[in-house]
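Chemist: This is the content of final-v2.tsv (TSV, C-alpha atoms and all ligand atoms):
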```tsv
chain	number	residue	atom	x	y	z
A	218	MET	CA	22.18	16.16	30.90
A	219	PRO	CA	18.87	16.41	29.00
A	220	PRO	CA	17.49	13.18	27.56
A	221	SER	CA	18.50	12.47	23.98
A	222	THR	CA	15.94	13.30	21.31
A	223	SER	CA	17.43	10.99	18.72
A	224	SER	CA	18.31	7.32	18.41
A	225	ASP	CA	20.36	5.04	16.22
A	226	LEU	CA	18.21	2.43	14.56
A	227	THR	CA	18.36	-0.16	11.83
A	228	LEU	CA	15.51	-0.34	9.36
A	229	SER	CA	14.95	-3.35	7.15
A	230	VAL	CA	13.53	-2.09	3.86
A	231	ASN	CA	13.04	-4.19	0.75
A	232	GLY	CA	15.45	-6.78	2.11
A	233	GLU	CA	18.24	-4.26	2.80
A	234	LYS	CA	19.39	-3.09	6.23
A	235	TYR	CA	19.86	0.64	6.77
A	236	THR	CA	21.41	2.07	9.93
A	237	LEU	CA	20.66	5.72	10.63
A	238	THR	CA	20.26	8.22	13.41
A	239	VAL	CA	16.84	9.83	13.57
A	240	ASP	CA	15.03	12.34	15.71
A	241	HIS	CA	12.41	10.42	17.67
A	242	ARG	CA	9.66	12.41	15.97
A	243	THR	CA	10.69	11.33	12.46
A	244	THR	CA	7.94	9.47	10.68
A	245	LEU	CA	8.63	6.31	8.73
A	246	LEU	CA	7.55	8.25	5.62
A	247	ASP	CA	10.16	10.96	6.15
A	248	ALA	CA	12.84	8.41	7.00
A	249	LEU	CA	12.14	6.54	3.76
A	250	ARG	CA	11.99	9.61	1.56
A	251	GLU	CA	14.41	12.06	3.14
A	252	ARG	CA	17.01	9.74	4.67
A	253	LEU	CA	16.99	6.62	2.50
A	254	ASP	CA	16.10	8.32	-0.82
A	255	LEU	CA	13.27	5.86	-1.35
A	256	THR	CA	11.02	8.50	-2.88
A	257	GLY	CA	8.58	6.08	-4.49
A	258	THR	CA	6.46	6.32	-1.35
A	259	LYS	CA	4.55	9.59	-1.71
A	260	LYS	CA	3.52	12.24	0.77
A	261	GLY	CA	0.02	13.52	0.16
A	262	CYS	CA	-1.81	14.73	3.23
A	263	ASP	CA	0.80	13.73	5.86
A	264	GLN	CA	-2.05	13.02	8.28
A	265	GLY	CA	-3.37	9.58	7.45
A	266	GLN	CA	-6.18	10.65	5.16
A	267	CYS	CA	-5.13	9.87	1.58
A	268	GLY	CA	-3.19	6.59	1.49
A	269	ALA	CA	-0.46	7.97	-0.81
A	270	CYS	CA	2.20	6.82	1.66
A	271	THR	CA	0.95	3.23	2.01
A	272	VAL	CA	3.70	0.67	2.52
A	273	LEU	CA	3.74	-2.91	3.74
A	274	VAL	CA	5.01	-3.52	7.27
A	275	ASP	CA	5.48	-7.21	8.00
A	276	GLY	CA	3.18	-7.80	5.03
A	277	ARG	CA	0.35	-5.65	6.37
A	278	ARG	CA	-0.50	-2.33	4.74
A	279	GLY	CA	-0.15	0.85	6.70
A	280	VAL	CA	0.28	4.57	6.15
A	281	ALA	CA	3.90	5.53	6.72
A	282	CYS	CA	3.03	9.12	7.69
A	283	LEU	CA	1.40	7.92	10.93
A	284	GLN	CA	4.18	5.58	12.02
A	285	LEU	CA	7.34	6.65	13.76
A	286	ALA	CA	10.55	5.38	12.23
A	287	VAL	CA	11.79	4.22	15.63
A	288	ALA	CA	8.72	2.00	15.94
A	289	ALA	CA	9.52	0.32	12.64
A	290	GLU	CA	12.79	-1.16	13.82
A	291	GLY	CA	12.67	-4.94	13.68
A	292	ARG	CA	9.86	-4.92	11.12
A	293	GLU	CA	10.23	-5.84	7.45
A	294	ILE	CA	9.16	-2.87	5.39
A	295	THR	CA	8.29	-3.15	1.72
A	296	THR	CA	7.92	-0.07	-0.42
A	297	ILE	CA	6.97	0.25	-4.07
A	298	GLU	CA	10.68	-0.03	-4.92
A	299	GLY	CA	10.65	-3.56	-3.48
A	300	VAL	CA	7.55	-5.19	-4.92
A	301	ALA	CA	8.92	-6.22	-8.32
A	302	ASP	CA	10.96	-9.41	-8.71
A	303	GLY	CA	14.04	-7.97	-10.37
A	304	GLU	CA	13.01	-6.88	-13.86
A	305	ARG	CA	9.69	-8.69	-13.55
A	306	LEU	CA	6.91	-6.42	-12.38
A	307	HIS	CA	4.60	-7.54	-9.60
A	308	PRO	CA	1.28	-8.74	-11.10
A	309	VAL	CA	-0.47	-5.75	-9.53
A	310	GLN	CA	2.02	-3.34	-11.14
A	311	GLN	CA	1.53	-5.08	-14.48
A	312	ALA	CA	-2.24	-4.88	-14.19
A	313	PHE	CA	-2.10	-1.14	-13.41
A	314	LEU	CA	0.06	-0.63	-16.50
A	315	ASP	CA	-2.05	-2.83	-18.76
A	316	LEU	CA	-5.36	-1.28	-17.69
A	317	ASP	CA	-4.21	2.35	-17.30
A	318	GLY	CA	-4.87	2.34	-13.56
A	319	LEU	CA	-3.29	5.75	-13.22
A	320	GLN	CA	-3.19	9.23	-14.65
A	321	CYS	CA	-0.60	11.49	-12.98
A	322	GLY	CA	0.72	8.51	-10.99
A	323	TYR	CA	1.14	10.30	-7.68
A	324	CYS	CA	-1.20	8.01	-5.77
A	325	THR	CA	-0.09	4.90	-7.66
A	326	PRO	CA	2.66	3.54	-5.36
A	327	GLY	CA	0.24	3.65	-2.44
A	328	GLN	CA	-2.56	2.17	-4.53
A	329	ILE	CA	-0.35	-0.71	-5.62
A	330	CYS	CA	0.97	-1.47	-2.13
A	331	SER	CA	-2.57	-1.34	-0.82
A	332	ALA	CA	-3.87	-3.57	-3.61
A	333	ILE	CA	-1.19	-6.18	-2.93
A	334	ALA	CA	-2.38	-6.35	0.66
A	335	VAL	CA	-6.06	-6.32	-0.35
A	336	ILE	CA	-5.56	-9.39	-2.51
A	337	GLU	CA	-3.74	-11.19	0.30
A	338	GLU	CA	-6.33	-10.16	2.89
A	339	HIS	CA	-9.12	-11.40	0.65
A	340	ALA	CA	-7.34	-14.69	-0.09
A	341	ALA	CA	-6.95	-15.18	3.67
A	342	GLY	CA	-10.72	-14.83	4.05
A	343	TRP	CA	-10.84	-11.45	5.75
A	344	PRO	CA	-14.28	-9.84	5.43
A	345	SER	CA	-14.79	-6.17	4.63
A	346	ALA	CA	-17.45	-3.70	5.74
A	347	VAL	CA	-19.60	-4.67	2.73
A	348	THR	CA	-19.27	-8.44	3.11
A	349	GLY	CA	-22.79	-9.76	3.55
A	350	ASP	CA	-22.08	-13.05	5.30
A	351	VAL	CA	-19.11	-12.92	7.65
A	352	ARG	CA	-19.55	-16.39	9.14
A	353	PRO	CA	-16.31	-18.39	8.75
A	354	GLU	CA	-18.21	-21.25	7.12
A	355	ALA	CA	-19.42	-18.87	4.39
A	356	GLY	CA	-15.85	-18.69	3.06
A	357	PRO	CA	-14.25	-15.67	1.45
A	358	PRO	CA	-16.65	-13.33	-0.36
A	359	ALA	CA	-16.42	-12.90	-4.11
A	360	LEU	CA	-14.06	-10.05	-4.91
A	361	THR	CA	-16.75	-7.98	-6.54
A	362	PRO	CA	-16.28	-4.36	-7.63
A	363	GLU	CA	-18.14	-3.34	-4.47
A	364	GLU	CA	-15.70	-5.35	-2.32
A	365	ILE	CA	-12.69	-3.89	-4.13
A	366	ARG	CA	-13.97	-0.33	-3.82
A	367	GLU	CA	-14.55	-0.78	-0.09
A	368	ARG	CA	-11.20	-2.45	0.53
A	369	MET	CA	-9.36	0.23	-1.48
A	370	SER	CA	-11.33	3.12	0.01
A	371	GLY	CA	-8.39	4.35	2.08
A	372	ASN	CA	-6.49	5.26	-1.07
A	373	LEU	CA	-7.65	8.46	-2.71
A	374	CYS	CA	-6.91	9.38	-6.32
A	375	ARG	CA	-7.16	13.05	-7.14
A	376	CYS	CA	-7.22	12.23	-10.85
A	377	GLY	CA	-10.29	10.06	-10.37
A	378	ALA	CA	-8.80	6.98	-12.02
A	379	TYR	CA	-10.96	4.78	-9.83
A	380	VAL	CA	-12.63	2.79	-12.61
A	381	SER	CA	-9.30	1.60	-14.01
A	382	ILE	CA	-7.82	1.09	-10.56
A	383	MET	CA	-10.71	-1.18	-9.61
A	384	GLN	CA	-10.33	-3.14	-12.84
A	385	ALA	CA	-6.58	-3.49	-12.32
A	386	VAL	CA	-7.00	-4.82	-8.80
A	387	ALA	CA	-9.60	-7.29	-10.04
A	388	ARG	CA	-7.33	-8.39	-12.90
A	389	ALA	CA	-4.40	-8.94	-10.55
A	390	ALA	CA	-6.59	-10.86	-8.14
A	391	GLY	CA	-7.73	-13.08	-10.97
A	392	SER	CA	-11.34	-12.50	-10.06
A	393	GLY	CA	-12.46	-12.05	-13.63
A	394	GLN	CA	-13.74	-8.55	-12.88
A	395	GLY	CA	-10.91	-6.84	-14.72
A	396	SER	CA	-12.62	-6.57	-18.06
A	397	GLU	CA	-13.65	-3.26	-19.49
A	398	GLY	CA	-17.23	-4.18	-18.78
A	399	ALA	CA	-16.81	-4.34	-15.01
A	400	ALA	CA	-19.12	-1.97	-13.19
A	401	ALA	CA	-17.46	1.02	-11.58
B	501	LIG	S1	0.43	11.05	3.20
B	501	LIG	FE1	0.03	9.43	4.56
B	501	LIG	S2	-2.11	9.10	4.40
B	501	LIG	FE2	-1.75	10.85	3.18
B	502	LIG	S1	-3.36	8.99	-10.74
B	502	LIG	FE1	-3.22	11.10	-10.16
B	502	LIG	S2	-3.76	11.11	-8.07
B	502	LIG	FE2	-4.20	9.09	-8.71
```
Kindly transcribe the structure held in the file into structure tokens.
Ligand code: FES
Ligand code: FES

Modeler:
Amino acid sequence: MPPSTSSDLTLSVNGEKYTLTVDHRTTLLDALRERLDLTGTKKGCDQGQCGACTVLVDGRRGVACLQLAVAAEGREITTIEGVADGERLHPVQQAFLDLDGLQCGYCTPGQICSAIAVIEEHAAGWPSAVTGDVRPEAGPPALTPEEIRERMSGNLCRCGAYVSIMQAVARAAGSGQGSEGAAA
């Protein structure tokens, strides 16, 4: 008998458990969109280049098009459908709305999931490629526009809404860089 090419698995997404049978080659992105009808997570390039499919896996951001669904079993996955607190938008969602951090909106779910993780990574003191002083005693760097642009650089926006996206991330992070005067 040939080996099976599919498996039963249980995915934990936005606090709900979903049991499904998937071909082993199914990506997490396709499982979310095609099997669970969670179409908020977008497919752009389907090869890890654009960030449109960014979700949170155990609180860390990752592109769902490069992860196999079977490898996500036992992890807690959060998609854009799960970031709000009931009717109350997540502060990053609210900042994107308030500051027009979108045009067509296709990249927005990935931008928001990524921004949520960026803010947490920064608060935890993680340096980025543009952080000047990475010594632990230097503390977390200021979340400048340069830092935000670098940390969000994996999320492309074909509409070019980068100025507003940067301001929205800064507003949500409370860094005081979210004003209209912030440098792009
Ligand atoms: S669709 Fe996953 S990175 Fe582009
Ligand atoms: S808002 Fe259109 S791709 Fe970013």

Chemist: As a list in words, please: every protein or nucleic acid residue near ligand LIG 501 (chain B) (cut-off 7 Å, counting only C-alpha atoms and all ligand atoms).

Modeler: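 Sorted by chain and then by number, the residues are Lys259, Lys260, Gly261, Cys262, Asp263, Gln264, Gly265, Gln266, Cys267, Gly268, Ala269, Cys270, Thr271, Val280, Ala281, Cys282 and Leu283 of chain A.
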
Chemist: Which residues are near A:Ile294? Cut-off 6 Å, all atoms listed in the file, ignore same chain within fewer than 2 positions. Put them as a list in words.

Modeler: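 Listing them by chain and then by number gives Val230, Leu273 and Val274 of chain A.
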
Chemist: I'd like the interatomic distance between atom CA of A:Cys321 and atom CA of A:Leu255, to a tenth of an Å.

Modeler: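 Separation of atom CA of A:Cys321 and atom CA of A:Leu255: 19.0 Å.
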
Chemist: To check your reading of the model: which residues sit at most 12 Å from ligand LIG 502 (chain B) when counting only C-alpha atoms and all ligand atoms? Write the answer as a compact mmCIF listing (two decimals) with C-alpha atoms, in the coordinates of the input.

Modeler:
```txt
# COMPACT_ATOMS: atom_id res chain seq x y z
CA LYS A 259 4.55 9.59 -1.71
CA LYS A 260 3.52 12.24 0.77
CA GLY A 261 0.02 13.52 0.16
CA CYS A 267 -5.13 9.87 1.58
CA GLY A 268 -3.19 6.59 1.49
CA ALA A 269 -0.46 7.97 -0.81
CA PHE A 313 -2.10 -1.14 -13.41
CA LEU A 314 0.06 -0.63 -16.50
CA ASP A 317 -4.21 2.35 -17.30
CA GLY A 318 -4.87 2.34 -13.56
CA LEU A 319 -3.29 5.75 -13.22
CA GLN A 320 -3.19 9.23 -14.65
CA CYS A 321 -0.60 11.49 -12.98
CA GLY A 322 0.72 8.51 -10.99
CA TYR A 323 1.14 10.30 -7.68
CA CYS A 324 -1.20 8.01 -5.77
CA THR A 325 -0.09 4.90 -7.66
CA PRO A 326 2.66 3.54 -5.36
CA GLY A 327 0.24 3.65 -2.44
CA GLN A 328 -2.56 2.17 -4.53
CA ILE A 329 -0.35 -0.71 -5.62
CA ASN A 372 -6.49 5.26 -1.07
CA LEU A 373 -7.65 8.46 -2.71
CA CYS A 374 -6.91 9.38 -6.32
CA ARG A 375 -7.16 13.05 -7.14
CA CYS A 376 -7.22 12.23 -10.85
CA GLY A 377 -10.29 10.06 -10.37
CA ALA A 378 -8.80 6.98 -12.02
CA TYR A 379 -10.96 4.78 -9.83
CA VAL A 380 -12.63 2.79 -12.61
CA SER A 381 -9.30 1.60 -14.01
CA ILE A 382 -7.82 1.09 -10.56
```

Chemist: Calculated over all atoms listed in the file, which of the candidates A:Gly349, A:Gly232, A:Pro220, A:Gly279 has the smallest distance to A:Thr361?

Modeler: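 Of the candidates, the smallest distance to A:Thr361 is held by A:Gly349.
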
Chemist: So what do you get for atom CA of A:Thr295 versus atom CA of A:Glu251, distance-wise?

Modeler: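 Pair atom CA of A:Thr295 / atom CA of A:Glu251 returns 16.5 Å.
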
Chemist: Please determine, counting all atoms listed in the file, which residue among A:Thr244, A:Gln311, A:Thr296, A:Thr258 has the shortest atom-to-atom distance to A:Gln284.

Modeler: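 The closest residue to A:Gln284 is A:Thr244.
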
Chemist: In terms of the shortest atom-to-atom distance over all atoms listed in the file, which of A:Tyr235, A:Thr243, A:Glu364, A:Cys330 is closest to A:Thr222?

Modeler: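 That would be A:Thr243, the residue with the smallest distance to A:Thr222.
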
Chemist: Enclose stretch 368-385 of chain A, meaning all of its atoms listed in the file, in a box aligned along x, y and z, pad it by 3 Å on each side, and list the centre and edge lengths in Å to one decimal, as AutoDock Vina command-line options.

Modeler:
```
--center_x -9.6 --center_y 4.8 --center_z -6.0 --size_x 12.1 --size_y 22.5 --size_z 22.1
```

Chemist: Determine, counting all atoms listed in the file, which protein, DNA and RNA residues have an atom within 12 Å of an atom of A:Thr348; residues of the same chain fewer than 4 positions away are not included. Present the result as a list in words.

Modeler: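 Close residues of A:Thr348: His339, Gly342, Trp343, Pro344, Arg352, Pro353, Ala355, Gly356, Pro357, Pro358, Ala359, Leu360, Thr361, Pro362, Glu363, Glu364, Ile365, Arg366, Glu367 and Arg368 of chain A.
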
Chemist: Excluding stretch 301-308 of chain A and its own-chain neighbours fewer than 6 positions away, which residues fall within 9 Å of it when counting all atoms listed in the file? Please give them as a PyMOL selection string.

Modeler: chain A and resi 333+388-390

Chemist: Between atom CA of A:Glu233 and atom CA of A:Asp275, what is the spacing in Å?

Modeler: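 Separation between atom CA of A:Asp275 and atom CA of A:Glu233: 14.1 Å.
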
Chemist: Skipping near chain neighbours, those fewer than 2 positions away, what residues fall within 9 Å of A:Leu226 using all atoms listed in the file, listed as a PyMOL selection string?

Modeler: chain A and resi 224+228+235-239+286-287+290

Chemist: List as a PDB file with C-alpha atoms, keeping the file's coordinate frame the protein and nucleic acid residues near A:Ala334, meaning an atom at most 8 Å away when only C-alpha atoms are counted, but skip any in the same chain fewer than 2 places from it.

Modeler:
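File written: part_12.pdb
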```
ATOM      1  CA  LEU A 273       3.740  -2.910   3.740  1.00  0.00           C
ATOM      2  CA  GLY A 276       3.180  -7.800   5.030  1.00  0.00           C
ATOM      3  CA  ARG A 277       0.350  -5.650   6.370  1.00  0.00           C
ATOM      4  CA  ARG A 278      -0.500  -2.330   4.740  1.00  0.00           C
ATOM      5  CA  CYS A 330       0.970  -1.470  -2.130  1.00  0.00           C
ATOM      6  CA  SER A 331      -2.570  -1.340  -0.820  1.00  0.00           C
ATOM      7  CA  ALA A 332      -3.870  -3.570  -3.610  1.00  0.00           C
ATOM      8  CA  ILE A 336      -5.560  -9.390  -2.510  1.00  0.00           C
ATOM      9  CA  GLU A 337      -3.740 -11.190   0.300  1.00  0.00           C
ATOM     10  CA  GLU A 338      -6.330 -10.160   2.890  1.00  0.00           C
TER      11      GLU A 338
END
```
